[in-house]
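Enquirer: Sharing coords-v4.cif here; it has mmCIF, C-alpha atoms and all ligand atoms.
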data_upload
#
loop_
_atom_site.group_PDB
_atom_site.id
_atom_site.type_symbol
_atom_site.label_atom_id
_atom_site.label_comp_id
_atom_site.auth_asym_id
_atom_site.auth_seq_id
_atom_site.Cartn_x
_atom_site.Cartn_y
_atom_site.Cartn_z
ATOM 1 C CA MET A 1 101.706 106.439 94.324
ATOM 2 C CA PHE A 2 104.788 105.122 92.567
ATOM 3 C CA SER A 3 103.928 102.000 90.563
ATOM 4 C CA PRO A 4 106.601 99.600 89.344
ATOM 5 C CA ALA A 5 103.945 97.415 87.688
ATOM 6 C CA ALA A 6 105.523 97.896 84.281
ATOM 7 C CA SER A 7 108.967 96.940 85.561
ATOM 8 C CA ARG A 8 108.538 93.665 87.438
ATOM 9 C CA ASN A 9 111.910 92.390 86.251
ATOM 10 C CA VAL A 10 113.805 95.604 86.946
ATOM 11 C CA LYS A 11 115.637 96.122 90.262
ATOM 12 C CA HIS A 12 114.312 98.827 92.611
ATOM 13 C CA TRP A 13 115.622 100.308 95.860
ATOM 14 C CA LEU A 14 113.243 100.079 98.817
ATOM 15 C CA PHE A 15 113.861 102.067 102.041
ATOM 16 C CA GLY A 16 112.673 100.539 105.338
ATOM 17 C CA TYR A 17 112.561 102.466 108.614
ATOM 18 C CA GLY A 18 110.281 100.288 110.794
ATOM 19 C CA SER A 19 109.585 96.557 110.743
ATOM 20 C CA LEU A 20 111.106 96.391 107.257
ATOM 21 C CA ILE A 21 114.502 96.866 108.946
ATOM 22 C CA TRP A 22 114.373 93.637 110.952
ATOM 23 C CA ARG A 23 111.660 91.582 109.245
ATOM 24 C CA ALA A 24 112.640 91.127 105.611
ATOM 25 C CA ASP A 25 110.159 88.422 104.565
ATOM 26 C CA PHE A 26 110.894 88.967 100.867
ATOM 27 C CA PRO A 27 113.832 88.188 98.582
ATOM 28 C CA TYR A 28 116.392 90.928 97.934
ATOM 29 C CA HIS A 29 119.652 91.311 96.026
ATOM 30 C CA GLU A 30 121.341 93.707 98.412
ATOM 31 C CA ARG A 31 120.801 95.168 101.904
ATOM 32 C CA ARG A 32 122.527 98.426 102.854
ATOM 33 C CA PRO A 33 122.351 100.920 105.742
ATOM 34 C CA ALA A 34 120.802 104.058 104.276
ATOM 35 C CA ALA A 35 118.932 107.262 105.087
ATOM 36 C CA ILE A 36 116.395 109.617 103.581
ATOM 37 C CA ARG A 37 116.303 113.366 104.102
ATOM 38 C CA GLY A 38 113.368 115.494 105.258
ATOM 39 C CA TRP A 39 111.514 112.755 107.142
ATOM 40 C CA THR A 40 111.268 111.780 110.831
ATOM 41 C CA ARG A 41 110.164 108.400 112.283
ATOM 42 C CA ARG A 42 107.125 108.682 114.582
ATOM 43 C CA PHE A 43 104.797 106.191 116.336
ATOM 44 C CA TRP A 44 101.784 108.001 114.909
ATOM 45 C CA GLN A 45 100.184 105.266 112.794
ATOM 46 C CA GLY A 46 97.510 102.916 114.064
ATOM 47 C CA SER A 47 97.853 99.188 113.392
ATOM 48 C CA HIS A 48 94.629 97.224 112.933
ATOM 49 C CA ASP A 49 96.164 94.187 111.302
ATOM 50 C CA HIS A 50 99.637 93.525 112.772
ATOM 51 C CA ARG A 51 100.153 94.948 116.287
ATOM 52 C CA GLY A 52 96.545 95.643 117.204
ATOM 53 C CA THR A 53 93.010 94.965 116.037
ATOM 54 C CA PRO A 54 90.345 97.222 114.475
ATOM 55 C CA GLY A 55 88.665 97.549 117.900
ATOM 56 C CA SER A 56 91.945 98.110 119.728
ATOM 57 C CA PRO A 57 94.638 99.349 117.319
ATOM 58 C CA GLY A 58 98.327 99.311 118.144
ATOM 59 C CA ARG A 59 100.773 102.136 117.385
ATOM 60 C CA VAL A 60 103.501 101.685 114.744
ATOM 61 C CA VAL A 61 105.848 103.995 112.906
ATOM 62 C CA THR A 62 105.248 106.204 109.920
ATOM 63 C CA LEU A 63 107.320 109.061 108.521
ATOM 64 C CA VAL A 64 106.448 112.683 109.171
ATOM 65 C CA SER A 65 107.766 115.380 106.859
ATOM 66 C CA GLN A 66 110.245 117.642 108.676
ATOM 67 C CA THR A 67 112.731 119.940 106.955
ATOM 68 C CA GLY A 68 116.380 119.432 107.853
ATOM 69 C CA THR A 69 115.978 115.955 109.375
ATOM 70 C CA LEU A 70 117.461 112.632 108.373
ATOM 71 C CA CYS A 71 115.814 109.254 108.946
ATOM 72 C CA ALA A 72 118.202 106.289 108.988
ATOM 73 C CA GLY A 73 117.181 102.725 108.161
ATOM 74 C CA ILE A 74 117.929 100.006 105.646
ATOM 75 C CA ALA A 75 117.727 99.988 101.851
ATOM 76 C CA TYR A 76 117.023 96.776 99.963
ATOM 77 C CA GLN A 77 117.533 96.242 96.278
ATOM 78 C CA VAL A 78 114.537 94.168 95.172
ATOM 79 C CA ALA A 79 112.838 92.927 92.018
ATOM 80 C CA GLY A 80 109.573 94.682 91.052
ATOM 81 C CA ASP A 81 107.413 91.629 91.779
ATOM 82 C CA VAL A 82 108.203 91.926 95.505
ATOM 83 C CA PHE A 83 105.838 94.914 95.717
ATOM 84 C CA GLU A 84 102.755 92.750 95.389
ATOM 85 C CA HIS A 85 103.639 91.116 98.723
ATOM 86 C CA LEU A 86 104.777 94.392 100.330
ATOM 87 C CA ASP A 87 101.679 96.356 99.259
ATOM 88 C CA HIS A 88 99.615 93.691 101.038
ATOM 89 C CA ARG A 89 101.830 93.682 104.152
ATOM 90 C CA GLU A 90 101.738 97.506 104.380
ATOM 91 C CA LYS A 91 98.077 97.847 103.360
ATOM 92 C CA ASN A 92 96.769 99.415 106.594
ATOM 93 C CA GLY A 93 97.131 103.068 105.511
ATOM 94 C CA TYR A 94 100.601 103.053 103.941
ATOM 95 C CA GLU A 95 101.288 104.355 100.439
ATOM 96 C CA ARG A 96 104.306 103.664 98.298
ATOM 97 C CA VAL A 97 106.114 106.981 97.829
ATOM 98 C CA ALA A 98 109.120 107.853 95.623
ATOM 99 C CA VAL A 99 112.157 109.086 97.598
ATOM 100 C CA ASP A 100 115.865 109.699 97.116
ATOM 101 C CA ILE A 101 117.768 107.146 99.196
ATOM 102 C CA HIS A 102 121.282 107.872 100.485
ATOM 103 C CA LEU A 103 123.123 104.543 100.639
ATOM 104 C CA ASP A 104 126.014 104.295 103.090
ATOM 105 C CA GLY A 105 129.376 103.718 101.435
ATOM 106 C CA GLU A 106 130.913 100.273 101.738
ATOM 107 C CA ARG A 107 133.846 98.201 100.488
ATOM 108 C CA GLY A 108 135.830 101.368 99.768
ATOM 109 C CA ALA A 109 132.979 102.984 97.773
ATOM 110 C CA GLY A 110 131.621 106.375 98.885
ATOM 111 C CA PRO A 111 127.985 107.072 99.803
ATOM 112 C CA ARG A 112 125.601 107.032 96.855
ATOM 113 C CA ARG A 113 122.196 108.612 96.179
ATOM 114 C CA VAL A 114 119.689 106.418 94.333
ATOM 115 C CA PRO A 115 115.995 106.809 93.438
ATOM 116 C CA GLY A 116 113.730 104.432 95.326
ATOM 117 C CA VAL A 117 110.489 103.987 97.238
ATOM 118 C CA THR A 118 109.350 103.805 100.836
ATOM 119 C CA TYR A 119 105.999 103.119 102.544
ATOM 120 C CA ILE A 120 104.517 106.158 104.314
ATOM 121 C CA ALA A 121 101.196 106.290 106.172
ATOM 122 C CA PRO A 122 100.126 109.922 105.602
ATOM 123 C CA PRO A 123 97.992 112.013 107.984
ATOM 124 C CA GLY A 124 94.316 111.380 107.321
ATOM 125 C CA ASN A 125 94.627 107.703 106.353
ATOM 126 C CA GLU A 126 91.985 105.430 107.899
ATOM 127 C CA ALA A 127 94.308 104.175 110.668
ATOM 128 C CA PHE A 128 96.226 107.425 111.419
ATOM 129 C CA LEU A 129 96.422 108.305 115.127
ATOM 130 C CA GLY A 130 98.752 111.313 115.045
ATOM 131 C CA PRO A 131 100.833 112.830 117.835
ATOM 132 C CA ALA A 132 100.413 112.271 121.558
ATOM 133 C CA ASP A 133 102.805 112.750 124.444
ATOM 134 C CA ALA A 134 105.403 110.059 125.119
ATOM 135 C CA GLU A 135 103.631 108.851 128.270
ATOM 136 C CA GLN A 136 100.367 108.249 126.376
ATOM 137 C CA ILE A 137 102.081 106.575 123.418
ATOM 138 C CA ALA A 138 104.064 104.272 125.761
ATOM 139 C CA ALA A 139 100.918 103.285 127.713
ATOM 140 C CA HIS A 140 99.129 102.565 124.425
ATOM 141 C CA ILE A 141 102.022 100.401 123.110
ATOM 142 C CA ALA A 142 102.332 98.541 126.432
ATOM 143 C CA ARG A 143 98.735 97.253 126.234
ATOM 144 C CA ALA A 144 98.274 96.591 122.469
ATOM 145 C CA SER A 145 98.782 93.390 120.578
ATOM 146 C CA GLY A 146 97.638 91.827 117.296
ATOM 147 C CA PRO A 147 98.143 88.929 114.876
ATOM 148 C CA SER A 148 101.875 89.719 114.369
ATOM 149 C CA GLY A 149 102.595 89.879 118.120
ATOM 150 C CA SER A 150 102.700 92.433 120.884
ATOM 151 C CA ASN A 151 103.086 96.105 120.144
ATOM 152 C CA ALA A 152 105.853 96.261 122.788
ATOM 153 C CA ASP A 153 107.864 93.647 120.845
ATOM 154 C CA TYR A 154 107.554 95.767 117.673
ATOM 155 C CA LEU A 155 109.001 98.725 119.590
ATOM 156 C CA PHE A 156 111.783 96.681 121.250
ATOM 157 C CA GLU A 157 112.727 95.016 117.932
ATOM 158 C CA LEU A 158 112.930 98.430 116.285
ATOM 159 C CA ALA A 159 115.053 99.842 119.130
ATOM 160 C CA ALA A 160 117.425 96.826 118.921
ATOM 161 C CA ALA A 161 117.664 97.047 115.109
ATOM 162 C CA LEU A 162 118.507 100.775 115.266
ATOM 163 C CA ASP A 163 121.032 100.098 117.994
ATOM 164 C CA ALA A 164 122.696 97.447 115.814
ATOM 165 C CA LEU A 165 122.941 100.058 113.052
ATOM 166 C CA ASN A 166 124.400 102.619 115.504
ATOM 167 C CA VAL A 167 121.451 104.886 114.806
ATOM 168 C CA GLU A 168 120.274 107.173 117.587
ATOM 169 C CA ASP A 169 116.536 107.927 117.507
ATOM 170 C CA ARG A 170 115.444 109.622 120.712
ATOM 171 C CA HIS A 171 111.720 109.152 120.016
ATOM 172 C CA VAL A 172 112.254 105.368 119.817
ATOM 173 C CA THR A 173 114.664 105.038 122.759
ATOM 174 C CA GLU A 174 112.471 107.138 125.045
ATOM 175 C CA LEU A 175 109.404 105.029 124.219
ATOM 176 C CA ALA A 176 111.369 101.771 124.638
ATOM 177 C CA SER A 177 112.566 102.746 128.107
ATOM 178 C CA ARG A 178 109.077 103.911 129.147
ATOM 179 C CA VAL A 179 107.442 100.676 127.943
ATOM 180 C CA ALA A 180 110.160 98.559 129.634
ATOM 181 C CA ALA A 181 109.478 100.432 132.892
ATOM 182 C CA LEU A 182 105.714 99.887 132.532
ATOM 183 C CA GLU A 183 106.276 96.156 131.953
ATOM 184 C CA LYS A 184 108.556 95.930 134.969
ATOM 185 C CA ALA A 185 105.997 97.705 137.140
ATOM 186 C CA SER A 186 103.086 95.470 136.123
HETATM 187 C C1 LIG G 1 108.780 100.312 107.254
HETATM 188 O O1 LIG G 1 109.207 99.439 108.012
HETATM 189 O O2 LIG G 1 109.552 100.881 106.450
HETATM 190 C C2 LIG G 1 107.324 100.690 107.247
HETATM 191 C C3 LIG G 1 106.652 100.634 108.570
HETATM 192 C C4 LIG G 1 106.523 99.256 109.162
HETATM 193 O O3 LIG G 1 106.113 98.324 108.444
HETATM 194 O O4 LIG G 1 106.831 99.077 110.347
#
Please go through the file and, once you have read it, give me the structure as structure tokens.
Expert:
Amino acid sequence: MFSPAASRNVKHWLFGYGSLIWRADFPYHERRPAAIRGWTRRFWQGSHDHRGTPGSPGRVVTLVSQTGTLCAGIAYQVAGDVFEHLDHREKNGYERVAVDIHLDGERGAGPRRVPGVTYIAPPGNEAFLGPADAEQIAAHIARASGPSGSNADYLFELAAALDALNVEDRHVTELASRVAALEKAS
């Protein structure tokens, strides 16, 4: 695990691909659309503490290694002391991993690659659920909820945040339309 403990006053780039896109409950210097290569967003991680409970976990996103893919999200430039809060928020199976982050160009500047970190919940962690078909994942999300709110809201917030970034993620949009249909039918 990457540890910025020795550099609390240094700025770091953090890549968010799930709730970190729309729920930035930490101070940051800069927020930029960004992407990382070789990873795909998947609702394969269990949530015991935010969108579910230990007895009835929800399903949230992690990154799965996949050659040739690009995962788009948001990069934040943060001070090192922010990681104390984030390590606690992402404690349910996520590890801080070093990645190269591709920042979108802005204000006339071209795209830029910077070293940074992201939180990944790897296969085998205590809350990992792994793959399932879209119908099963949608049914699971439609019924789960936890201290941070309903699992469906997590999915809908993610879909809306990606939409606002003009990012197409078929895994997310398919699940969002399935869960919306389940809610309408109930
Ligand atoms: C992230 O947002 O980057 C990690 C997963 C999550 O907290 O939803």
Enquirer: My list of candidates is A:Val172, A:Val78, A:Gly68, A:Leu86. Which is closest to Glu30 of chain A when distances are computed with only C-alpha atoms?
Expert: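 Closest to Glu30 of chain A of all the choices is A:Val78.
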Enquirer: Work out how far atom CA of Ile120 of chain A is from atom CA of Ala159 of chain A, in Å to one decimal.
Expert: 19.2 Å
Enquirer: Taking all atoms of segment 80-83 of chain A that appear in the file, build a box with edges along x, y and z, extend it by 4 Å on every side, and state its centre and edge lengths in Å to one decimal, as JSON.
Expert:
{"center_x": 107.7, "center_y": 93.3, "center_z": 93.4, "size_x": 11.7, "size_y": 11.3, "size_z": 12.7}
Enquirer: Find the residues near ligand LIG 1 (chain G). Use a cut-off of 10 Å, count only C-alpha atoms and all ligand atoms, and write them as number ranges by chain.
Expert: A: 14-24, 41, 43, 45, 47, 50-51, 59-63, 73-75, 86, 89-92, 94-96, 117-121, 154-155, 158
Enquirer: Go ahead and dump the residues you just picked, C-alpha atoms, as a compact mmCIF listing (two decimals), in the coordinates of the input.
Expert:
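Once written, part12.txt looks like this:
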# COMPACT_ATOMS: atom_id res chain seq x y z
CA LEU A 14 113.24 100.08 98.82
CA PHE A 15 113.86 102.07 102.04
CA GLY A 16 112.67 100.54 105.34
CA TYR A 17 112.56 102.47 108.61
CA GLY A 18 110.28 100.29 110.79
CA SER A 19 109.58 96.56 110.74
CA LEU A 20 111.11 96.39 107.26
CA ILE A 21 114.50 96.87 108.95
CA TRP A 22 114.37 93.64 110.95
CA ARG A 23 111.66 91.58 109.24
CA ALA A 24 112.64 91.13 105.61
CA ARG A 41 110.16 108.40 112.28
CA PHE A 43 104.80 106.19 116.34
CA GLN A 45 100.18 105.27 112.79
CA SER A 47 97.85 99.19 113.39
CA HIS A 50 99.64 93.52 112.77
CA ARG A 51 100.15 94.95 116.29
CA ARG A 59 100.77 102.14 117.38
CA VAL A 60 103.50 101.68 114.74
CA VAL A 61 105.85 104.00 112.91
CA THR A 62 105.25 106.20 109.92
CA LEU A 63 107.32 109.06 108.52
CA GLY A 73 117.18 102.72 108.16
CA ILE A 74 117.93 100.01 105.65
CA ALA A 75 117.73 99.99 101.85
CA LEU A 86 104.78 94.39 100.33
CA ARG A 89 101.83 93.68 104.15
CA GLU A 90 101.74 97.51 104.38
CA LYS A 91 98.08 97.85 103.36
CA ASN A 92 96.77 99.42 106.59
CA TYR A 94 100.60 103.05 103.94
CA GLU A 95 101.29 104.36 100.44
CA ARG A 96 104.31 103.66 98.30
CA VAL A 117 110.49 103.99 97.24
CA THR A 118 109.35 103.80 100.84
CA TYR A 119 106.00 103.12 102.54
CA ILE A 120 104.52 106.16 104.31
CA ALA A 121 101.20 106.29 106.17
CA TYR A 154 107.55 95.77 117.67
CA LEU A 155 109.00 98.72 119.59
CA LEU A 158 112.93 98.43 116.28
Enquirer: Which of these, A:Ser150, A:Lys11, A:Phe26, A:Arg32, has the shortest distance to Arg112 of chain A once you count only C-alpha atoms?
Expert: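 With only C-alpha atoms as the atom set, the closest residue is A:Arg32.
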Enquirer: Any idea what's packed within 12 Å of segment 53-57 of chain A, counting only C-alpha atoms, ignoring anything in its chain fewer than 6 positions away? Could you give it as a list in words?
Expert: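 Close residues of segment 53-57 of chain A: Trp44, Gln45, Gly46, Ser47, Asn92, Glu126, Ala127, Phe128, Leu129, His140, Ile141, Ala142, Arg143, Ala144, Ser145, Gly146, Pro147, Ser148, Gly149, Ser150 and Asn151 of chain A.
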Enquirer: Leaving out Trp39 of chain A and any residue of its chain fewer than 3 positions from it, which residues lie within 7 Å of it when counting only C-alpha atoms, given as a ChimeraX atom specification?
Expert: /A:36,63-66,69-71
Enquirer: Using only C-alpha atoms, can you tell me which of A:Ala35, A:Leu103, A:Val10, A:Ala152 comes closest to Glu183 of chain A?
Expert: A:Ala152
Enquirer: My list of candidates is A:Ala79, A:Val114, A:Ala138, A:Pro123. Which is closest to Ala98 of chain A when distances are computed with all atoms listed in the file?
Expert: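 Among the listed residues, A:Val114 lies closest to Ala98 of chain A.
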Enquirer: Mind pulling up the distance from atom CA of Gly58 of chain A to atom CA of Tyr28 of chain A?
Expert: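 Computing the Euclidean distance for atom CA of Tyr28 of chain A and atom CA of Gly58 of chain A yields 28.4 Å.
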Enquirer: Do you have the atom CA of Pro111 of chain A-atom CA of Ala34 of chain A distance handy?
Expert: 9.0 Å
Enquirer: Which of these, A:Pro122, A:Pro27, A:Arg37, A:Leu162, has the shortest distance to Ile101 of chain A once you count all atoms listed in the file?
Expert: A:Arg37
